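Q: My structure file upload_16.txt, compact mmCIF, C-alpha atoms, is below:
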```txt
# COMPACT_ATOMS: atom_id res chain seq x y z
CA MET A 1 0.00 0.00 0.00
CA ARG A 2 1.43 3.33 -1.05
CA VAL A 3 0.65 6.98 -1.66
CA ILE A 4 -0.31 7.17 -5.33
CA ALA A 5 0.37 10.84 -6.21
CA GLY A 6 1.14 14.28 -4.88
CA LYS A 7 3.63 15.53 -2.30
CA ALA A 8 4.16 12.10 -0.74
CA LYS A 9 4.01 10.11 -3.99
CA SER A 10 5.46 6.57 -3.77
CA PHE A 11 5.78 6.54 0.02
CA THR A 12 4.98 3.05 1.29
CA LEU A 13 2.50 3.11 4.16
CA PHE A 14 2.65 0.97 7.27
CA MET A 15 -0.11 -1.61 7.69
CA VAL A 16 -2.11 -2.12 10.87
CA PRO A 17 -1.00 -5.43 12.41
CA GLY A 18 -3.63 -8.17 12.39
CA ASP A 19 -6.95 -8.08 10.59
CA VAL A 20 -8.73 -5.20 12.34
CA THR A 21 -8.77 -3.02 9.21
CA ARG A 22 -9.72 -3.43 5.55
CA PRO A 23 -7.19 -1.42 3.53
CA ILE A 24 -8.33 0.06 0.24
CA MET A 25 -6.64 -1.47 -2.78
CA ASP A 26 -4.26 0.89 -4.59
CA ARG A 27 -6.24 0.48 -7.84
CA VAL A 28 -9.46 1.59 -6.13
CA LYS A 29 -7.74 4.47 -4.34
CA GLU A 30 -6.17 5.64 -7.59
CA SER A 31 -9.56 5.53 -9.35
CA LEU A 32 -11.20 7.40 -6.46
CA PHE A 33 -8.63 10.17 -6.53
CA ASN A 34 -8.72 10.42 -10.31
CA ILE A 35 -12.39 11.34 -9.79
CA LEU A 36 -11.63 13.74 -6.91
CA ALA A 37 -8.51 15.32 -8.46
CA PRO A 38 -10.23 18.37 -9.99
CA TYR A 39 -11.94 19.17 -6.68
CA ILE A 40 -9.62 18.18 -3.78
CA LEU A 41 -7.12 21.07 -3.83
CA ASP A 42 -7.52 23.29 -0.74
CA LYS A 43 -10.58 21.34 0.43
CA SER A 44 -11.29 19.67 3.77
CA PHE A 45 -11.55 15.90 4.07
CA LEU A 46 -12.97 13.62 6.77
CA ASP A 47 -11.87 9.98 6.77
CA LEU A 48 -14.24 7.91 8.95
CA PHE A 49 -13.15 4.40 9.99
CA ALA A 50 -9.68 5.50 8.84
CA GLY A 51 -7.79 2.22 9.38
CA THR A 52 -4.23 2.87 8.14
CA GLY A 53 -5.10 6.44 7.15
CA SER A 54 -4.38 5.66 3.50
CA VAL A 55 -7.34 7.59 2.05
CA GLY A 56 -6.94 10.65 4.27
CA ILE A 57 -3.20 10.68 3.63
CA GLU A 58 -3.79 10.48 -0.13
CA ALA A 59 -6.12 13.48 0.17
CA LEU A 60 -3.40 15.44 1.99
CA SER A 61 -0.75 14.39 -0.51
CA ARG A 62 -2.95 15.66 -3.34
CA GLY A 63 -3.53 19.07 -1.79
CA SER A 64 -6.33 18.82 0.75
CA LYS A 65 -5.87 21.80 3.10
CA PHE A 66 -7.07 19.81 6.13
CA THR A 67 -7.87 16.18 6.85
CA ARG A 68 -9.35 14.67 10.00
CA LEU A 69 -9.03 10.92 10.47
CA ILE A 70 -11.39 9.10 12.84
CA GLU A 71 -10.46 5.63 14.06
CA GLU A 72 -11.43 3.78 17.22
CA ASN A 73 -8.76 1.05 17.29
CA ARG A 74 -5.71 2.09 19.34
CA VAL A 75 -3.20 0.16 17.19
CA ALA A 76 -4.70 1.62 14.00
CA VAL A 77 -4.41 5.14 15.44
CA LYS A 78 -0.71 4.52 16.15
CA THR A 79 -0.32 3.32 12.55
CA ILE A 80 -2.05 6.43 11.18
CA LEU A 81 0.21 8.67 13.25
CA ALA A 82 3.30 6.76 12.06
CA ASN A 83 2.12 7.03 8.43
CA LEU A 84 1.53 10.78 8.76
CA GLU A 85 4.98 11.29 10.26
CA HIS A 86 6.59 9.00 7.66
CA THR A 87 5.03 10.98 4.79
CA GLY A 88 5.61 14.39 6.40
CA LEU A 89 1.91 15.25 6.13
CA GLU A 90 1.04 15.54 9.83
CA GLU A 91 0.87 19.36 9.85
CA ASN A 92 -2.56 19.58 8.21
CA ALA A 93 -4.04 16.47 9.81
CA GLU A 94 -5.93 15.64 12.99
CA VAL A 95 -6.26 12.08 14.22
CA TRP A 96 -9.06 11.37 16.67
CA ARG A 97 -9.30 8.08 18.52
CA ARG A 98 -13.05 7.80 18.68
CA ASP A 99 -15.96 5.65 17.59
CA ALA A 100 -17.19 7.05 14.25
CA PHE A 101 -20.84 6.91 15.32
CA ASP A 102 -20.10 8.80 18.55
CA PHE A 103 -18.23 11.34 16.45
CA LEU A 104 -21.14 11.79 14.03
CA ARG A 105 -23.57 12.32 16.94
CA ARG A 106 -21.55 15.32 18.12
CA LYS A 107 -22.45 18.87 17.32
CA PRO A 108 -20.30 19.59 14.24
CA ASP A 109 -17.22 21.69 15.02
CA ARG A 110 -16.44 22.23 11.34
CA GLN A 111 -17.68 21.40 7.86
CA PHE A 112 -16.03 19.11 5.35
CA ASP A 113 -16.00 19.18 1.57
CA PHE A 114 -15.56 15.40 1.41
CA ILE A 115 -16.46 12.65 3.87
CA TYR A 116 -15.15 9.15 3.19
CA VAL A 117 -16.98 6.26 4.89
CA ALA A 118 -15.35 2.81 4.85
CA PRO A 119 -16.59 0.79 7.85
CA PRO A 120 -16.22 -2.95 8.43
CA GLN A 121 -18.11 -4.87 5.78
CA TYR A 122 -21.34 -6.85 5.91
CA GLU A 123 -22.70 -5.19 9.06
CA GLU A 124 -24.70 -2.41 7.38
CA MET A 125 -22.59 0.12 9.30
CA TRP A 126 -22.26 2.16 6.10
CA ILE A 127 -26.03 2.67 6.08
CA ARG A 128 -26.06 3.85 9.68
CA ALA A 129 -23.15 6.25 9.09
CA LEU A 130 -24.71 7.59 5.89
CA GLN A 131 -28.07 8.15 7.59
CA MET A 132 -26.36 9.92 10.51
CA ILE A 133 -24.57 12.28 8.12
CA ASP A 134 -27.85 12.84 6.26
CA GLU A 135 -29.58 13.76 9.53
CA ASN A 136 -26.75 15.99 10.76
CA THR A 137 -25.75 17.97 7.67
CA GLY A 138 -23.83 20.48 9.77
CA TRP A 139 -20.76 18.37 8.93
CA LEU A 140 -21.16 19.34 5.26
CA PHE A 141 -21.01 22.38 3.05
CA GLU A 142 -23.69 22.70 0.42
CA HIS A 143 -22.57 20.49 -2.48
CA SER A 144 -20.18 18.45 -0.29
CA TRP A 145 -19.64 14.83 -1.27
CA VAL A 146 -19.98 11.73 0.87
CA ILE A 147 -18.19 8.72 -0.59
CA VAL A 148 -18.96 5.24 0.75
CA GLN A 149 -16.80 2.15 0.20
CA ILE A 150 -18.63 -1.19 0.33
CA ASP A 151 -18.62 -4.65 -1.18
CA PRO A 152 -21.07 -4.55 -4.13
CA ILE A 153 -23.21 -7.29 -2.57
CA GLU A 154 -23.91 -4.93 0.35
CA TYR A 155 -25.57 -2.28 -1.80
CA GLN A 156 -29.16 -1.34 -1.16
CA ASP A 157 -31.18 1.80 -1.65
CA VAL A 158 -31.06 3.99 1.44
CA GLU A 159 -33.82 6.46 2.23
CA LEU A 160 -32.22 9.88 2.66
CA ARG A 161 -33.67 13.38 3.00
CA ASN A 162 -30.66 15.55 2.20
CA LEU A 163 -28.08 13.46 0.36
CA THR A 164 -28.50 12.29 -3.23
CA LEU A 165 -26.72 9.34 -4.83
CA PHE A 166 -25.15 10.60 -8.06
CA ASP A 167 -22.64 7.92 -9.04
CA ARG A 168 -21.66 4.30 -8.40
CA ARG A 169 -18.35 2.77 -9.44
CA GLU A 170 -17.49 -0.90 -9.11
CA TYR A 171 -13.91 -2.20 -8.96
CA GLY A 172 -14.02 -5.97 -8.49
CA SER A 173 -15.07 -6.61 -4.89
CA THR A 174 -15.22 -2.90 -4.03
CA GLU A 175 -17.93 -0.41 -4.87
CA LEU A 176 -17.75 3.34 -4.33
CA LEU A 177 -21.01 5.22 -3.84
CA PHE A 178 -20.99 8.99 -4.36
CA TYR A 179 -23.58 11.21 -2.64
CA TYR A 180 -23.83 14.99 -2.56
CA LEU A 181 -25.65 17.52 -0.44
CA GLY A 182 -27.74 20.08 -2.28
CA ASP A 183 -29.97 20.51 -5.25
```
If you took the structure in this file and wrote it as structure tokens, what would it be?
A:
Amino acid sequence: MRVIAGKAKSFTLFMVPGDVTRPIMDRVKESLFNILAPYILDKSFLDLFAGTGSVGIEALSRGSKFTRLIEENRVAVKTILANLEHTGLEENAEVWRRDAFDFLRRKPDRQFDFIYVAPPQYEEMWIRALQMIDENTGWLFEHSWVIVQIDPIEYQDVELRNLTLFDRREYGSTELLFYYLGD
């Protein structure tokens, strides 16, 4: 697993020991950031269920002005911090050791242009997180994007009031769902 492009291009990232995280494949991450490339510069990014921090770190490497990474697992948080230090991208990042659902229940302290949601698979946690963001849109600017990473077999329509699904991309056993806030 590596940083694909930007300031930290080609840096190899440390993995979280054991099987507590589900790292994004480089091919999927590259495709995701090819989509985000025209929009990510000087934007804010929230990486929920951050795991190794690979997605949030890629956002920073490609010019995100600020990235917050939320991860509950203590060992994963240590890995994220090590990866940020290793890539030299820690200055514009915050790492919070916290349950993502507890975080989303909070009163928003800032808004994000992009929120990336990649929870453990097959537990419908993505639906819960997406619905919580939809109910608490204070985390978002108008026209912000919420991107969800799931296994394609997990997909189902989700009833939302504020977010609209505008794209779906499938990459083997990974599907990315793109939602936006606004008209």
Q: Can you tell me which residues surround range 44-58 of chain A at a distance of at most 7 Å, considering only C-alpha atoms, apart from same-chain residues fewer than 2 positions away, and format the answer as number ranges by chain?
A: A: 3, 15-16, 21, 23, 42, 60-62, 64-71, 76, 79-80, 84, 100, 112-119
Q: Can you work out the spacing between CA of Leu13 in chain A and CA of Val77 in chain A in Å, to one decimal?
A: 13.4 Å
Q: State, in Å with one decimal place, the distance from CA of His86 in chain A to CA of Met1 in chain A.
A: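 Spanning CA of His86 in chain A to CA of Met1 in chain A is a straight-line distance of 13.5 Å.
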Q: Near Gln121 in chain A, counting all atoms listed in the file, which residues have an atom at most 10 Å away, once you skip same-chain residues fewer than 6 positions from it, shown as a PyMOL selection string?
A: chain A and resi 22+149-151+154
Q: Have a look at A:Ala8, A:Pro108, A:Leu140, A:Asp167 and name the one nearest to Glu90 in chain A; count all atoms listed in the file.
A: A:Ala8
Q: List the neighbours of Glu170 in chain A out to 12 Å using all atoms listed in the file; skip same-chain residues closer than 2 positions along the sequence, and give me the result as a list in words.
A: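 Selected residues are Arg27, Val28, Ser31, Leu32, Val148, Gln149, Ile150, Asp151, Pro152, Ile153, Tyr155, Asp167, Arg168, Gly172, Ser173, Thr174, Glu175, Leu176, Leu177 and Phe178 of chain A.
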Q: Between A:Ile147, A:Leu130, A:Leu89, A:Lys9, single out the one closest to Arg169 in chain A, counting only C-alpha atoms.
A: A:Ile147
Q: Have a look at CA of Leu165 in chain A and CA of Tyr179 in chain A and let me know their distance in Å, one decimal.
A: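 Separation of CA of Leu165 in chain A and CA of Tyr179 in chain A: 4.3 Å.
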Q: Between A:Ile133, A:Ala93, A:Val75, A:Ala82, which is the closest to Arg106 in chain A once you count only C-alpha atoms?
A: A:Ile133
Q: Using all atoms listed in the file, find the one residue out of A:Phe33, A:Tyr39, A:Phe103, A:Trp96 that sits nearest to Arg74 in chain A.
A: A:Trp96
